$ cat start.pdb   # PDB, C-alpha atoms
ATOM      1  CA  MET A 216      78.102  98.848-113.267  1.00  0.00           C
ATOM      2  CA  ILE A 217      79.260  96.834-116.211  1.00  0.00           C
ATOM      3  CA  GLU A 218      81.902  97.258-118.867  1.00  0.00           C
ATOM      4  CA  ARG A 219      80.617  98.566-122.193  1.00  0.00           C
ATOM      5  CA  ASP A 220      81.912  95.562-124.181  1.00  0.00           C
ATOM      6  CA  LYS A 221      80.169  93.114-121.826  1.00  0.00           C
ATOM      7  CA  ILE A 222      76.648  94.249-122.768  1.00  0.00           C
ATOM      8  CA  ASP A 223      74.779  93.352-125.939  1.00  0.00           C
ATOM      9  CA  ILE A 224      73.916  96.940-126.811  1.00  0.00           C
ATOM     10  CA  ASP A 225      75.729  98.876-129.495  1.00  0.00           C
ATOM     11  CA  ILE A 226      76.273 102.245-127.821  1.00  0.00           C
ATOM     12  CA  LYS A 227      77.550 104.932-130.153  1.00  0.00           C
ATOM     13  CA  PHE A 228      79.825 107.614-128.746  1.00  0.00           C
ATOM     14  CA  GLU A 229      82.681 109.807-129.809  1.00  0.00           C
ATOM     15  CA  GLN A 230      86.056 109.178-128.185  1.00  0.00           C
ATOM     16  CA  THR A 231      86.481 112.921-127.713  1.00  0.00           C
ATOM     17  CA  SER A 232      83.242 113.128-125.714  1.00  0.00           C
ATOM     18  CA  THR A 233      84.634 110.902-122.953  1.00  0.00           C
ATOM     19  CA  ARG A 234      86.581 113.897-121.601  1.00  0.00           C
ATOM     20  CA  THR A 235      83.374 115.083-119.944  1.00  0.00           C
ATOM     21  CA  TYR A 236      82.613 111.680-118.419  1.00  0.00           C
ATOM     22  CA  LYS A 237      82.732 111.166-114.661  1.00  0.00           C
ATOM     23  CA  ILE A 238      85.357 109.017-112.987  1.00  0.00           C
ATOM     24  CA  VAL A 239      83.987 106.041-111.055  1.00  0.00           C
ATOM     25  CA  GLN A 240      86.124 104.315-108.457  1.00  0.00           C
ATOM     26  CA  SER A 241      85.653 100.892-106.950  1.00  0.00           C
ATOM     27  CA  GLY A 242      83.211 101.271-104.065  1.00  0.00           C
ATOM     28  CA  ASN A 243      81.250 104.166-105.571  1.00  0.00           C
ATOM     29  CA  TYR A 244      77.484 104.168-105.970  1.00  0.00           C
ATOM     30  CA  ILE A 245      75.937 105.564-109.121  1.00  0.00           C
ATOM     31  CA  ILE A 246      72.560 107.225-109.498  1.00  0.00           C
ATOM     32  CA  HIS A 247      71.649 106.254-113.031  1.00  0.00           C
ATOM     33  CA  LEU A 248      68.744 107.250-115.242  1.00  0.00           C
ATOM     34  CA  ARG A 249      66.544 104.330-114.126  1.00  0.00           C
ATOM     35  CA  SER A 250      67.359 104.489-110.416  1.00  0.00           C
ATOM     36  CA  PHE A 251      63.710 105.131-109.615  1.00  0.00           C
ATOM     37  CA  GLN A 252      63.048 101.603-110.963  1.00  0.00           C
ATOM     38  CA  GLY A 253      66.103  99.621-109.913  1.00  0.00           C
ATOM     39  CA  GLY A 254      67.954 101.554-107.231  1.00  0.00           C
ATOM     40  CA  PHE A 255      71.535 102.735-107.269  1.00  0.00           C
ATOM     41  CA  ALA A 256      74.287 100.831-109.049  1.00  0.00           C
ATOM     42  CA  PHE A 257      77.402  99.760-107.164  1.00  0.00           C
ATOM     43  CA  SER A 258      80.759  99.731-108.903  1.00  0.00           C
ATOM     44  CA  GLU A 259      83.368  97.122-108.130  1.00  0.00           C
ATOM     45  CA  LYS A 260      85.568  98.523-110.893  1.00  0.00           C
ATOM     46  CA  GLU A 261      87.245 101.765-111.785  1.00  0.00           C
ATOM     47  CA  GLY A 262      86.095 103.462-114.957  1.00  0.00           C
ATOM     48  CA  ILE A 263      84.023 106.280-116.330  1.00  0.00           C
ATOM     49  CA  CYS A 264      80.327 106.920-116.771  1.00  0.00           C
ATOM     50  CA  SER A 265      78.151 109.375-118.609  1.00  0.00           C
ATOM     51  CA  PRO A 266      77.893 112.885-117.211  1.00  0.00           C
ATOM     52  CA  ALA A 267      74.135 112.234-116.975  1.00  0.00           C
ATOM     53  CA  TYR A 268      74.818 110.019-113.947  1.00  0.00           C
ATOM     54  CA  THR A 269      75.604 111.090-110.390  1.00  0.00           C
ATOM     55  CA  VAL A 270      78.511 109.369-108.639  1.00  0.00           C
ATOM     56  CA  LEU A 271      78.302 109.007-104.864  1.00  0.00           C
ATOM     57  CA  LYS A 272      81.616 108.503-103.087  1.00  0.00           C
ATOM     58  CA  PRO A 273      81.191 106.952 -99.620  1.00  0.00           C
ATOM     59  CA  THR A 274      82.967 108.449 -96.646  1.00  0.00           C
ATOM     60  CA  HIS A 275      85.231 106.585 -94.242  1.00  0.00           C
ATOM     61  CA  LEU A 276      82.113 105.899 -92.119  1.00  0.00           C
ATOM     62  CA  LEU A 277      80.851 103.339 -94.623  1.00  0.00           C
ATOM     63  CA  LYS A 278      82.368  99.896 -95.077  1.00  0.00           C
ATOM     64  CA  TYR A 279      83.066  98.858 -98.683  1.00  0.00           C
ATOM     65  CA  ALA A 280      79.825  97.704-100.407  1.00  0.00           C
ATOM     66  CA  PHE A 281      77.822  97.892 -97.161  1.00  0.00           C
ATOM     67  CA  MET A 282      74.866  99.707 -98.773  1.00  0.00           C
ATOM     68  CA  LYS A 283      74.991  97.690-102.017  1.00  0.00           C
ATOM     69  CA  ASP A 284      72.014  95.433-101.271  1.00  0.00           C
ATOM     70  CA  TYR A 285      70.023  98.153 -99.526  1.00  0.00           C
ATOM     71  CA  PHE A 286      70.315 100.530-102.481  1.00  0.00           C
ATOM     72  CA  ILE A 287      68.641  97.977-104.797  1.00  0.00           C
ATOM     73  CA  SER A 288      66.000  96.810-102.313  1.00  0.00           C
ATOM     74  CA  SER A 289      62.314  97.425-103.012  1.00  0.00           C
ATOM     75  CA  ARG A 290      62.097  99.267 -99.680  1.00  0.00           C
ATOM     76  CA  PHE A 291      64.764 101.759-100.783  1.00  0.00           C
ATOM     77  CA  ILE A 292      63.309 102.154-104.278  1.00  0.00           C
ATOM     78  CA  LYS A 293      59.950 103.058-102.715  1.00  0.00           C
ATOM     79  CA  THR A 294      61.660 105.818-100.705  1.00  0.00           C
ATOM     80  CA  LEU A 295      63.070 107.246-103.937  1.00  0.00           C
ATOM     81  CA  LYS A 296      59.504 108.253-104.860  1.00  0.00           C
ATOM     82  CA  LEU A 297      59.873 110.993-102.259  1.00  0.00           C
ATOM     83  CA  VAL A 298      62.718 112.598-104.212  1.00  0.00           C
ATOM     84  CA  THR A 299      61.672 111.820-107.788  1.00  0.00           C
ATOM     85  CA  TYR A 300      60.148 114.342-110.143  1.00  0.00           C
ATOM     86  CA  GLY A 301      58.891 114.191-113.710  1.00  0.00           C
ATOM     87  CA  ILE A 302      56.576 111.720-115.381  1.00  0.00           C
ATOM     88  CA  ARG A 303      56.956 108.201-116.712  1.00  0.00           C
ATOM     89  CA  ASP A 304      60.369 107.435-118.211  1.00  0.00           C
ATOM     90  CA  GLY A 305      61.490 111.041-117.863  1.00  0.00           C
ATOM     91  CA  ARG A 306      61.619 110.891-114.066  1.00  0.00           C
ATOM     92  CA  SER A 307      64.751 112.151-112.378  1.00  0.00           C
ATOM     93  CA  ILE A 308      66.060 111.908-108.847  1.00  0.00           C
ATOM     94  CA  ASN A 309      66.634 115.154-107.042  1.00  0.00           C
ATOM     95  CA  VAL A 310      70.061 114.382-105.561  1.00  0.00           C
ATOM     96  CA  GLU A 311      69.972 117.298-103.116  1.00  0.00           C
ATOM     97  CA  GLU A 312      66.651 116.043-101.720  1.00  0.00           C
ATOM     98  CA  PHE A 313      67.941 112.459-101.632  1.00  0.00           C
ATOM     99  CA  LEU A 314      70.951 113.503 -99.561  1.00  0.00           C
ATOM    100  CA  LYS A 315      68.555 114.960 -96.980  1.00  0.00           C
ATOM    101  CA  LEU A 316      66.733 111.626 -96.534  1.00  0.00           C
ATOM    102  CA  PRO A 317      67.495 110.013 -93.173  1.00  0.00           C
ATOM    103  CA  ILE A 318      69.327 106.717 -93.654  1.00  0.00           C
ATOM    104  CA  ALA A 319      70.533 104.952 -90.522  1.00  0.00           C
ATOM    105  CA  ILE A 320      74.118 103.800 -90.886  1.00  0.00           C
ATOM    106  CA  PRO A 321      75.523 101.656 -88.092  1.00  0.00           C
ATOM    107  CA  SER A 322      79.047 102.040 -86.759  1.00  0.00           C
ATOM    108  CA  LEU A 323      81.902 100.398 -88.680  1.00  0.00           C
ATOM    109  CA  GLU A 324      82.115  97.721 -85.990  1.00  0.00           C
ATOM    110  CA  GLU A 325      78.397  96.977 -86.354  1.00  0.00           C
ATOM    111  CA  GLN A 326      78.697  96.991 -90.158  1.00  0.00           C
ATOM    112  CA  SER A 327      81.430  94.346 -89.879  1.00  0.00           C
ATOM    113  CA  LYS A 328      79.256  92.189 -87.612  1.00  0.00           C
ATOM    114  CA  ILE A 329      76.329  92.497 -90.020  1.00  0.00           C
ATOM    115  CA  ASP A 330      78.593  91.542 -92.943  1.00  0.00           C
ATOM    116  CA  GLU A 331      79.937  88.516 -91.060  1.00  0.00           C
ATOM    117  CA  THR A 332      76.404  87.384 -90.243  1.00  0.00           C
ATOM    118  CA  LEU A 333      75.209  87.792 -93.831  1.00  0.00           C
ATOM    119  CA  ILE A 334      78.245  85.920 -95.177  1.00  0.00           C
ATOM    120  CA  ALA A 335      77.617  83.083 -92.703  1.00  0.00           C
ATOM    121  CA  LEU A 336      73.963  82.923 -93.779  1.00  0.00           C
ATOM    122  CA  GLU A 337      74.910  82.899 -97.469  1.00  0.00           C
ATOM    123  CA  ASP A 338      77.376  80.062 -96.789  1.00  0.00           C
ATOM    124  CA  LYS A 339      74.698  78.136 -94.893  1.00  0.00           C
ATOM    125  CA  ILE A 340      72.175  78.593 -97.710  1.00  0.00           C
ATOM    126  CA  PHE A 341      74.765  77.501-100.293  1.00  0.00           C
ATOM    127  CA  ASN A 342      75.639  74.375 -98.277  1.00  0.00           C
ATOM    128  CA  GLU A 343      71.955  73.524 -97.784  1.00  0.00           C
ATOM    129  CA  TYR A 344      71.403  73.938-101.526  1.00  0.00           C
ATOM    130  CA  LYS A 345      74.281  71.551-102.295  1.00  0.00           C
ATOM    131  CA  LEU A 346      72.773  69.044 -99.855  1.00  0.00           C
ATOM    132  CA  TYR A 347      69.367  69.448-101.521  1.00  0.00           C
ATOM    133  CA  ILE A 348      70.909  68.754-104.960  1.00  0.00           C
ATOM    134  CA  SER A 349      72.614  65.649-103.550  1.00  0.00           C
ATOM    135  CA  PHE A 350      69.277  64.368-102.208  1.00  0.00           C
ATOM    136  CA  ILE A 351      67.599  64.990-105.585  1.00  0.00           C
ATOM    137  CA  LYS A 352      70.341  63.007-107.336  1.00  0.00           C
ATOM    138  CA  GLN A 353      70.084  60.242-104.741  1.00  0.00           C
ATOM    139  CA  LYS A 354      66.308  60.071-105.221  1.00  0.00           C
ATOM    140  CA  GLN A 355      66.707  59.883-109.014  1.00  0.00           C
ATOM    141  CA  CYS A 356      69.261  57.115-108.668  1.00  0.00           C
ATOM    142  CA  LEU A 357      67.076  55.130-106.258  1.00  0.00           C
ATOM    143  CA  LEU A 358      64.012  55.480-108.485  1.00  0.00           C
ATOM    144  CA  LYS A 359      66.022  54.501-111.542  1.00  0.00           C
ATOM    145  CA  ASN A 360      67.378  51.371-109.823  1.00  0.00           C
ATOM    146  CA  MET A 361      64.087  50.449-108.201  1.00  0.00           C
ATOM    147  CA  PHE A 362      62.850  48.550-111.269  1.00  0.00           C
ATOM    148  CA  ILE A 363      65.685  46.443-112.601  1.00  0.00           C
TER     149      ILE A 363
END
$ encode --input "start.pdb" --output "structure tokens"
Amino acid sequence: MIERDKIDIDIKFEQTSTRTYKIVQSGNYIIHLRSFQGGFAFSEKEGICSPAYTVLKPTHLLKYAFMKDYFISSRFIKTLKLVTYGIRDGRSINVEEFLKLPIAIPSLEEQSKIDETLIALEDKIFNEYKLYISFIKQKQCLLKNMFI
């Protein structure tokens, strides 16, 4: 989810029409009109969205943002084909059918362990990338100074 003024699209709307919009809270997932192509959006902000969207509010059994990456994965998007109807750009997700899909959700304790592991891996990758950049710069410097 992104703020309206942060996108380069001029979206026309009437201020009075926002009364019918849906409230989105931080931590909600949103089934948007292109979910069958890109998965579900995750909101880190509070705001409103069009009534054309479906807002999913996680229960206490789900850690904040735990499903964020899964809901945009190609594996998940492929499963959405099971609950999508219509043709081409007009496809819609049948929310009732989606909610019947079996999705394994680990315990909160296990979710925390998975998060910790993923954060550690991201930190490791970031540190390795910084090291790689340092080696590239060192190589450039050595090559530059090789022929004085």
$ atom_distance --input "start.pdb" --atom1 "CA of Thr269 in chain A" --atom2 "CA of Ile245 in chain A"
5.7 Å
$ resolve_selection --input "start.pdb" --expression "the PyMOL selection byres ((chain A and resi 236-239) around 6)" --output "VMD selection string"
chain A and resid 233 to 235 240 261 to 266
$ write_last_selection --input "start.pdb" --atoms "C-alpha atoms" --output "short mmCIF file (atom, residue, chain, number, x, y, z; two decimals), keeping the file's coordinate frame"
data_model
loop_
_atom_site.label_atom_id
_atom_site.label_comp_id
_atom_site.auth_asym_id
_atom_site.auth_seq_id
_atom_site.Cartn_x
_atom_site.Cartn_y
_atom_site.Cartn_z
CA THR A 233 84.63 110.90 -122.95
CA ARG A 234 86.58 113.90 -121.60
CA THR A 235 83.37 115.08 -119.94
CA GLN A 240 86.12 104.32 -108.46
CA GLU A 261 87.24 101.76 -111.78
CA GLY A 262 86.10 103.46 -114.96
CA ILE A 263 84.02 106.28 -116.33
CA CYS A 264 80.33 106.92 -116.77
CA SER A 265 78.15 109.38 -118.61
CA PRO A 266 77.89 112.88 -117.21
#
$ residues_around --input "start.pdb" --residues "Ser241 in chain A" --least-positions-apart "6" --cutoff "8 Å" --atoms "all atoms listed in the file" --output "list in words"
Ser258, Glu259, Lys260 and Glu261 of chain A
$ residues_around --input "start.pdb" --residues "Phe281 in chain A" --least-positions-apart "6" --cutoff "12 Å" --atoms "all atoms listed in the file" --output "list in words"
Gly242, Asn243, Tyr244, Phe257, Pro273, Thr274, His275, Ile287, Ile320, Pro321, Ser322, Leu323, Glu324, Glu325, Gln326, Ser327, Lys328, Ile329, Asp330, Glu331 and Leu333 of chain A
$ axis_aligned_box --input "start.pdb" --around "range 273-287 of chain A" --padding-each-side "8 Å" --output "JSON"
{"center_x": 76.9, "center_y": 101.9, "center_z": -98.5, "size_x": 32.6, "size_y": 29.0, "size_z": 28.7}
$ closest_residue --input "start.pdb" --among "A:Met361, A:Cys356, A:Ile224, A:Ile246" --to "Ile292 in chain A" --atoms "only C-alpha atoms"
A:Ile246
$ atom_distance --input "start.pdb" --atom1 "CA of Asp223 in chain A" --atom2 "CA of Leu271 in chain A"
26.5 Å
